[in-house]
file input-v5.txt (compact mmCIF, C-alpha atoms and all ligand atoms)
# COMPACT_ATOMS: atom_id res chain seq x y z
CA MET A 1 40.79 113.69 46.25
CA ASN A 2 42.59 111.85 49.04
CA ARG A 3 41.46 108.68 50.73
CA THR A 4 40.27 110.36 53.94
CA ILE A 5 37.84 112.57 52.02
CA LEU A 6 36.56 109.60 50.03
CA LEU A 7 36.03 107.58 53.19
CA THR A 8 34.24 110.50 54.84
CA ILE A 9 31.92 110.84 51.86
CA ALA A 10 31.29 107.08 51.87
CA ALA A 11 30.48 107.14 55.60
CA LEU A 12 28.17 110.12 55.15
CA TRP A 13 26.37 108.47 52.25
CA LEU A 14 25.94 105.27 54.26
CA SER A 15 24.73 107.10 57.36
CA ILE A 16 22.19 109.13 55.38
CA ASN A 17 20.83 105.97 53.79
CA VAL A 18 20.74 104.12 57.10
CA THR A 19 18.88 107.01 58.74
CA ALA A 20 15.85 106.35 56.59
CA GLN A 21 15.51 102.96 58.25
CA ALA A 22 16.28 104.02 61.80
CA GLN A 23 12.84 105.36 62.67
CA ILE A 24 10.26 102.57 62.84
CA VAL A 25 7.45 104.85 61.68
CA SER A 26 8.71 107.54 59.31
CA ASP A 27 7.02 110.92 59.79
CA GLY A 28 4.38 109.51 62.14
CA GLY A 29 3.31 113.11 62.86
CA PHE A 30 2.83 114.01 59.15
CA GLU A 31 5.02 117.10 59.55
CA LEU A 32 6.47 116.62 56.06
CA GLY A 33 3.01 117.44 54.70
CA THR A 34 1.56 116.24 51.43
CA PRO A 35 2.58 114.77 49.06
CA ASN A 36 4.47 112.86 51.74
CA PRO A 37 7.76 111.03 51.06
CA PHE A 38 6.94 108.18 53.46
CA TRP A 39 3.17 107.65 53.44
CA ASP A 40 1.17 106.22 50.55
CA GLU A 41 -1.83 108.54 50.46
CA PHE A 42 -5.33 107.97 49.11
CA SER A 43 -8.53 109.97 49.39
CA THR A 44 -11.64 109.80 47.23
CA ASN A 45 -12.39 113.52 47.50
CA PHE A 46 -9.32 115.35 48.81
CA GLY A 47 -6.22 113.81 47.21
CA SER A 48 -4.85 112.91 50.65
CA PRO A 49 -6.04 112.67 54.27
CA ILE A 50 -2.93 114.67 55.33
CA CYS A 51 -3.94 118.18 56.37
CA ASN A 52 -2.76 121.42 57.83
CA GLN A 53 -5.12 124.17 58.89
CA ALA A 54 -4.15 126.36 55.92
CA GLN A 55 -5.35 123.66 53.53
CA CYS A 56 -8.19 122.07 55.48
CA GLY A 57 -9.47 124.85 57.73
CA SER A 58 -9.66 125.05 61.51
CA PHE A 59 -13.42 124.77 62.18
CA PHE A 60 -13.10 121.24 63.63
CA GLY A 61 -9.74 121.87 65.30
CA GLY A 62 -6.25 120.97 64.20
CA PRO A 63 -3.25 118.73 64.83
CA PHE A 64 -2.46 117.03 68.12
CA LYS A 65 1.18 118.06 67.66
CA GLY A 66 3.00 120.22 65.12
CA ASP A 67 1.26 121.72 62.09
CA TRP A 68 0.00 118.64 60.25
CA TRP A 69 -2.28 115.70 60.98
CA ALA A 70 -4.40 113.09 59.18
CA TRP A 71 -8.08 113.85 58.68
CA PHE A 72 -10.19 110.87 57.59
CA GLY A 73 -13.78 111.42 56.51
CA GLY A 74 -14.54 115.13 56.55
CA THR A 75 -17.43 115.22 54.12
CA THR A 76 -21.11 114.30 53.83
CA VAL A 77 -20.64 112.07 50.78
CA VAL A 78 -18.81 108.74 50.44
CA GLU A 79 -15.14 109.22 51.30
CA ILE A 80 -12.53 106.47 51.41
CA GLY A 81 -9.18 107.50 52.88
CA SER A 82 -5.96 105.59 53.40
CA LEU A 83 -2.42 106.18 54.67
CA SER A 84 0.09 103.35 54.67
CA GLN A 85 3.82 102.66 54.85
CA GLN A 86 6.19 99.72 55.28
CA VAL A 87 7.64 99.50 58.80
CA THR A 88 10.42 97.25 60.08
CA ILE A 89 9.37 96.07 63.52
CA PRO A 90 12.24 95.04 65.80
CA SER A 91 12.01 91.96 67.98
CA GLY A 92 10.78 92.24 71.57
CA THR A 93 7.66 93.71 73.14
CA VAL A 94 6.46 96.33 70.72
CA THR A 95 3.62 98.82 71.02
CA LEU A 96 1.87 100.91 68.40
CA THR A 97 0.55 104.19 69.77
CA PHE A 98 -1.26 107.06 68.09
CA TRP A 99 -3.62 109.90 69.01
CA LEU A 100 -7.22 109.89 67.82
CA ASP A 101 -9.91 112.59 67.94
CA ILE A 102 -13.38 112.01 66.49
CA THR A 103 -14.40 115.63 65.97
CA ALA A 104 -17.72 114.93 64.23
CA ALA A 105 -19.97 111.87 64.05
CA SER A 106 -22.61 111.25 61.37
CA GLY A 107 -24.83 109.08 63.55
CA ASN A 108 -25.09 106.44 60.82
CA GLY A 109 -23.39 103.78 62.98
CA VAL A 110 -21.13 102.47 60.21
CA ASP A 111 -18.46 105.10 59.45
CA PHE A 112 -15.16 103.61 60.59
CA LEU A 113 -11.40 103.92 60.89
CA THR A 114 -9.30 100.75 60.94
CA VAL A 115 -5.61 100.31 61.74
CA SER A 116 -3.98 97.20 60.33
CA LEU A 117 -0.66 95.44 59.84
CA ASP A 118 -0.33 93.30 56.70
CA GLY A 119 -4.11 93.59 56.28
CA ILE A 120 -4.84 92.18 59.74
CA ASP A 121 -7.09 94.51 61.76
CA LEU A 122 -5.51 95.74 65.00
CA PHE A 123 -8.00 98.44 65.96
CA THR A 124 -11.32 99.60 64.55
CA VAL A 125 -13.35 102.55 65.78
CA LEU A 126 -16.85 103.58 64.70
CA GLU A 127 -18.25 107.10 64.48
CA SER A 128 -20.60 106.17 67.35
CA GLU A 129 -17.58 105.99 69.70
CA MET A 130 -16.98 109.75 69.61
CA GLY A 131 -17.70 109.88 73.35
CA ALA A 132 -14.63 107.74 74.06
CA PHE A 133 -12.32 109.44 71.55
CA HIS A 134 -12.95 113.17 71.83
CA PRO A 135 -10.99 115.31 72.48
CA TRP A 136 -7.60 113.80 71.52
CA THR A 137 -7.14 110.37 73.12
CA GLU A 138 -4.13 108.07 72.97
CA VAL A 139 -4.67 104.60 71.50
CA THR A 140 -2.22 101.83 72.38
CA VAL A 141 -2.07 98.50 70.57
CA ASP A 142 0.27 95.60 71.42
CA ILE A 143 1.88 94.49 68.17
CA SER A 144 4.46 92.10 69.67
CA SER A 145 3.13 89.29 67.47
CA PHE A 146 4.54 91.22 64.48
CA ALA A 147 7.90 91.92 66.15
CA ASP A 148 10.19 89.76 64.05
CA GLY A 149 12.71 92.25 62.61
CA ARG A 150 10.91 92.14 59.26
CA SER A 151 9.00 94.66 57.18
CA HIS A 152 5.22 94.96 57.59
CA LEU A 153 2.59 97.16 55.96
CA LEU A 154 1.10 99.60 58.49
CA SER A 155 -2.17 101.06 57.22
CA PHE A 156 -4.84 103.48 58.45
CA ASP A 157 -8.07 103.10 56.44
CA SER A 158 -11.42 104.83 56.75
CA THR A 159 -14.75 104.79 54.97
CA VAL A 160 -17.52 107.28 55.69
CA THR A 161 -20.81 107.28 53.82
CA GLY A 162 -22.82 110.31 55.01
CA PRO A 163 -25.39 111.75 54.87
CA MET A 164 -23.91 113.69 57.82
CA ARG A 165 -20.21 114.31 58.45
CA THR A 166 -17.77 112.09 60.35
CA ASN A 167 -14.20 113.20 61.14
CA PHE A 168 -11.46 110.88 62.39
CA PHE A 169 -8.34 112.91 63.27
CA VAL A 170 -5.08 110.97 63.70
CA ASP A 171 -1.62 112.24 64.69
CA ALA A 172 1.65 111.26 66.40
CA ILE A 173 1.85 107.63 65.25
CA GLU A 174 4.71 105.77 66.93
CA ILE A 175 5.92 102.21 67.24
CA ILE A 176 7.84 101.79 70.49
CA SER A 177 10.00 98.85 71.48
CA LYS A 178 9.43 98.58 75.25
CA THR A 179 11.90 95.84 75.99
CA GLY A 180 14.02 93.60 73.88
CA CYS A 181 16.67 95.41 71.93
CA PRO A 182 16.02 99.12 71.36
CA ALA A 183 19.63 99.72 70.25
CA ASP A 184 19.00 97.44 67.25
CA LEU A 185 17.82 100.41 65.21
CA ASP A 186 17.55 98.60 61.89
CA GLY A 187 15.86 95.58 63.47
CA ASP A 188 18.24 92.97 62.05
CA GLY A 189 18.59 91.15 65.38
CA SER A 190 21.93 92.54 66.54
CA VAL A 191 23.52 95.83 67.53
CA GLY A 192 26.27 96.63 65.08
CA ILE A 193 27.96 99.09 62.77
CA LEU A 194 24.78 100.08 60.87
CA ASP A 195 23.04 100.90 64.16
CA LEU A 196 26.07 102.95 65.22
CA LEU A 197 26.03 104.87 61.94
CA ALA A 198 22.29 105.48 62.30
CA LEU A 199 22.88 106.89 65.79
CA LEU A 200 25.69 109.14 64.54
CA ALA A 201 23.49 110.36 61.67
CA ALA A 202 20.87 111.43 64.22
CA TRP A 203 23.46 113.10 66.49
CA GLY A 204 22.12 116.22 68.23
CA THR A 205 18.56 115.73 66.96
CA ASP A 206 15.38 114.85 68.85
CA PRO A 207 13.97 111.76 67.13
CA GLY A 208 11.24 111.34 69.81
CA GLY A 209 12.47 107.80 70.61
CA PRO A 210 15.47 105.64 69.75
CA PRO A 211 18.32 106.42 69.29
CA ASP A 212 17.60 108.96 72.07
CA PHE A 213 17.68 105.99 74.46
CA ASP A 214 17.71 108.03 77.68
CA GLY A 215 14.86 110.21 76.44
CA ASP A 216 16.52 113.55 77.26
CA GLY A 217 15.44 115.03 73.92
CA SER A 218 18.77 114.79 72.13
CA VAL A 219 20.97 112.05 70.67
CA GLY A 220 24.28 112.36 72.47
CA ILE A 221 27.16 110.72 74.25
CA LEU A 222 25.02 108.82 76.81
CA ASP A 223 22.98 107.31 73.98
CA LEU A 224 26.19 106.34 72.18
CA LEU A 225 27.45 104.62 75.34
CA ALA A 226 24.09 102.83 75.74
CA LEU A 227 24.38 101.51 72.20
CA LEU A 228 27.97 100.35 72.71
CA ALA A 229 26.98 98.65 75.98
CA ASN A 230 24.49 96.53 74.02
CA TRP A 231 26.88 95.71 71.18
CA GLY A 232 26.35 92.29 69.59
CA PRO A 233 23.40 89.92 69.17
CA CYS A 234 20.08 90.91 70.80
CA PRO A 235 19.09 88.87 73.86
CA CA B 1 1.46 116.31 63.54
CA CA B 2 21.14 96.13 63.92
CA CA B 3 19.78 111.32 74.81
call {"tool": "encode", "arguments": {"input": "input-v5.txt", "output": "structure tokens", "more": "lines below"}}
Ligand SMILES: [Ca+2]
Ligand SMILES: [Ca+2]
Ligand SMILES: [Ca+2]
result
Amino acid sequence: MNRTILLTIAALWLSINVTAQAQIVSDGGFELGTPNPFWDEFSTNFGSPICNQAQCGSFFGGPFKGDWWAWFGGTTVVEIGSLSQQVTIPSGTVTLTFWLDITAASGNGVDFLTVSLDGIDLFTVLESEMGAFHPWTEVTVDISSFADGRSHLLSFDSTVTGPMRTNFFVDAIEIISKTGCPADLDGDGSVGILDLLALLAAWGTDPGGPPDFDGDGSVGILDLLALLANWGPCP
């Protein structure tokens, strides 16, 4: 095997491994199904909150996008559900967004869904707020105070207690860096070779955010030029 082939393999290996870190939220739309390679899943009654209509039925509706979504609650007995993953949040002004649909409400006033980072509550919704979150509604939370280039535990947690049914549907979870340094894909505080490799590994795909910096639905030459133009330490 000559040196060029070895180097190519090494670069491919590196780029594949870097790709896993490039997206801030991995599989925020749950399209990899269950068991999921990125989300830690817990459900008292169902094994996981992650659903598709083939597994969970379509009576209450379905995903916001794609084929899969997260369904918290969903029964008339006590159900505790959780989905969590570690996310590396780049520096700058950073926003967490997701879509929420409360498709059934028990009327008990206490069934809830909470979104947290490192155990700190960012957003809590009660079953009684169905009027504000049905049908699908986008929720936006400023998480700039966690934007330090480090890893944080993002968690969606719900408890419902019956005796009637509450459903919290969640889909399309994204963390978006509005300003700051979007080309710093791995969030280490500068734009460098690992960010370049992550961009190349995503070449031609639609990641739904960085490294598709110009938002045209594909990682291409303009995105590469944008990354190179921001080469070096983040402002
Ligand atoms: Ca989805
Ligand atoms: Ca970087
Ligand atoms: Ca693009």
call {"tool": "atom_distance", "arguments": {"input": "input-v5.txt", "atom1": "atom CA of Asn52 of chain A", "atom2": "atom CA of Ser26 of chain A"}}
result
18.1 Å
call {"tool": "residues_near_ligand", "arguments": {"input": "input-v5.txt", "ligand": "ligand CA 2 (chain B)", "cutoff": "12 Å", "atoms": "only C-alpha atoms and all ligand atoms", "output": "ChimeraX atom specification"}}
result
/A:18,21-22,88-91,149-150,181-199,211,227-228,230-234
call {"tool": "atom_distance", "arguments": {"input": "input-v5.txt", "atom1": "atom CA of Val25 of chain A", "atom2": "atom CA of Ile175 of chain A"}}
result
6.3 Å
call {"tool": "residues_near_ligand", "arguments": {"input": "input-v5.txt", "ligand": "ligand CA 3 (chain B)", "cutoff": "9 Å", "atoms": "all atoms listed in the file", "output": "JSON, numbers by chain"}}
result
{"A": [204, 206, 210, 211, 212, 213, 214, 215, 216, 217, 218, 219, 220, 221, 222, 223, 224]}
call {"tool": "closest_residue", "arguments": {"input": "input-v5.txt", "among": "A:Thr166, A:Gln53, A:Ser144, A:Ser82", "to": "ligand CA 1 (chain B)", "atoms": "only C-alpha atoms and all ligand atoms"}}
result
A:Gln53
call {"tool": "closest_residue", "arguments": {"input": "input-v5.txt", "among": "A:Phe146, A:Phe133, A:Phe30, A:Phe123", "to": "Trp69 of chain A", "atoms": "all atoms listed in the file"}}
result
A:Phe30
call {"tool": "atom_distance", "arguments": {"input": "input-v5.txt", "atom1": "atom CA of Thr114 of chain A", "atom2": "atom CA of Ser58 of chain A"}}
result
24.3 Å
call {"tool": "closest_atom_pairs", "arguments": {"input": "input-v5.txt", "of": "chain A", "to": "ligand CA 1 (chain B)", "cutoff": "12 Å", "atoms": "all atoms listed in the file", "output": "tab-separated table"}}
result
residue	atom	partner	partner_atom	distance
A:Asp27	CA	B:CA1	CA	8.6
A:Gly28	CA	B:CA1	CA	7.5
A:Gly29	CA	B:CA1	CA	3.8
A:Phe30	CA	B:CA1	CA	5.1
A:Glu31	CA	B:CA1	CA	5.4
A:Leu32	CA	B:CA1	CA	9.0
A:Gly33	CA	B:CA1	CA	9.0
A:Ile50	CA	B:CA1	CA	9.5
A:Cys51	CA	B:CA1	CA	9.2
A:Asn52	CA	B:CA1	CA	8.7
A:Gln53	CA	B:CA1	CA	11.3
A:Gly62	CA	B:CA1	CA	9.0
A:Pro63	CA	B:CA1	CA	5.5
A:Phe64	CA	B:CA1	CA	6.1
A:Lys65	CA	B:CA1	CA	4.5
A:Gly66	CA	B:CA1	CA	4.5
A:Asp67	CA	B:CA1	CA	5.6
A:Trp68	CA	B:CA1	CA	4.3
A:Trp69	CA	B:CA1	CA	4.6
A:Ala70	CA	B:CA1	CA	8.0
A:Trp71	CA	B:CA1	CA	11.0
A:Phe98	CA	B:CA1	CA	10.7
A:Trp99	CA	B:CA1	CA	9.8
A:Leu100	CA	B:CA1	CA	11.6
A:Phe169	CA	B:CA1	CA	10.4
A:Val170	CA	B:CA1	CA	8.4
A:Asp171	CA	B:CA1	CA	5.2
A:Ala172	CA	B:CA1	CA	5.8
A:Ile173	CA	B:CA1	CA	8.9
A:Glu174	CA	B:CA1	CA	11.5
call {"tool": "closest_residue", "arguments": {"input": "input-v5.txt", "among": "A:Asp118, A:Asp40, A:Glu127, A:Asp101", "to": "Arg165 of chain A", "atoms": "all atoms listed in the file"}}
result
A:Glu127
call {"tool": "decode", "arguments": {"input": "input-v5.txt", "residues": "segment 73-91 of chain A", "atoms": "N, CA and C atoms", "output": "short mmCIF file (atom, residue, chain, number, x, y, z; two decimals), in the first residue's frame"}}
result
data_model
loop_
_atom_site.label_atom_id
_atom_site.label_comp_id
_atom_site.auth_asym_id
_atom_site.auth_seq_id
_atom_site.Cartn_x
_atom_site.Cartn_y
_atom_site.Cartn_z
N GLY A 73 -45.50 11.04 27.36
CA GLY A 73 -46.85 10.77 27.88
C GLY A 73 -47.45 9.62 27.08
N GLY A 74 -48.71 9.83 26.61
CA GLY A 74 -49.30 8.85 25.71
C GLY A 74 -50.05 7.74 26.37
N THR A 75 -50.28 7.84 27.68
CA THR A 75 -51.03 6.79 28.35
C THR A 75 -51.80 7.39 29.53
N THR A 76 -52.68 6.59 30.11
CA THR A 76 -53.53 7.08 31.20
C THR A 76 -52.98 6.66 32.57
N VAL A 77 -51.83 6.01 32.56
CA VAL A 77 -51.18 5.66 33.83
C VAL A 77 -49.91 6.49 33.97
N VAL A 78 -49.17 6.32 35.07
CA VAL A 78 -47.95 7.10 35.27
C VAL A 78 -46.92 6.72 34.21
N GLU A 79 -46.41 7.73 33.53
CA GLU A 79 -45.40 7.52 32.48
C GLU A 79 -44.32 8.59 32.63
N ILE A 80 -43.09 8.13 32.83
CA ILE A 80 -41.94 9.02 32.87
C ILE A 80 -41.14 8.76 31.61
N GLY A 81 -40.86 9.82 30.86
CA GLY A 81 -40.10 9.67 29.61
C GLY A 81 -38.93 10.64 29.60
N SER A 82 -37.84 10.21 28.96
CA SER A 82 -36.66 11.07 28.90
C SER A 82 -35.87 10.80 27.63
N LEU A 83 -35.35 11.88 27.03
CA LEU A 83 -34.40 11.79 25.92
C LEU A 83 -33.28 12.78 26.21
N SER A 84 -32.04 12.33 26.18
CA SER A 84 -30.94 13.24 26.47
C SER A 84 -29.72 12.89 25.64
N GLN A 85 -28.88 13.90 25.43
CA GLN A 85 -27.59 13.70 24.76
C GLN A 85 -26.66 14.83 25.14
N GLN A 86 -25.34 14.54 25.06
CA GLN A 86 -24.33 15.58 25.29
C GLN A 86 -24.21 16.43 24.03
N VAL A 87 -24.20 17.75 24.19
CA VAL A 87 -24.03 18.66 23.06
C VAL A 87 -22.88 19.62 23.36
N THR A 88 -22.08 19.89 22.34
CA THR A 88 -21.01 20.89 22.49
C THR A 88 -21.53 22.20 21.92
N ILE A 89 -21.66 23.19 22.78
CA ILE A 89 -22.29 24.45 22.38
C ILE A 89 -21.21 25.49 22.09
N PRO A 90 -21.12 25.93 20.81
CA PRO A 90 -20.08 26.89 20.47
C PRO A 90 -20.32 28.24 21.11
N SER A 91 -19.26 29.05 21.18
CA SER A 91 -19.39 30.37 21.78
C SER A 91 -20.20 31.29 20.87
#
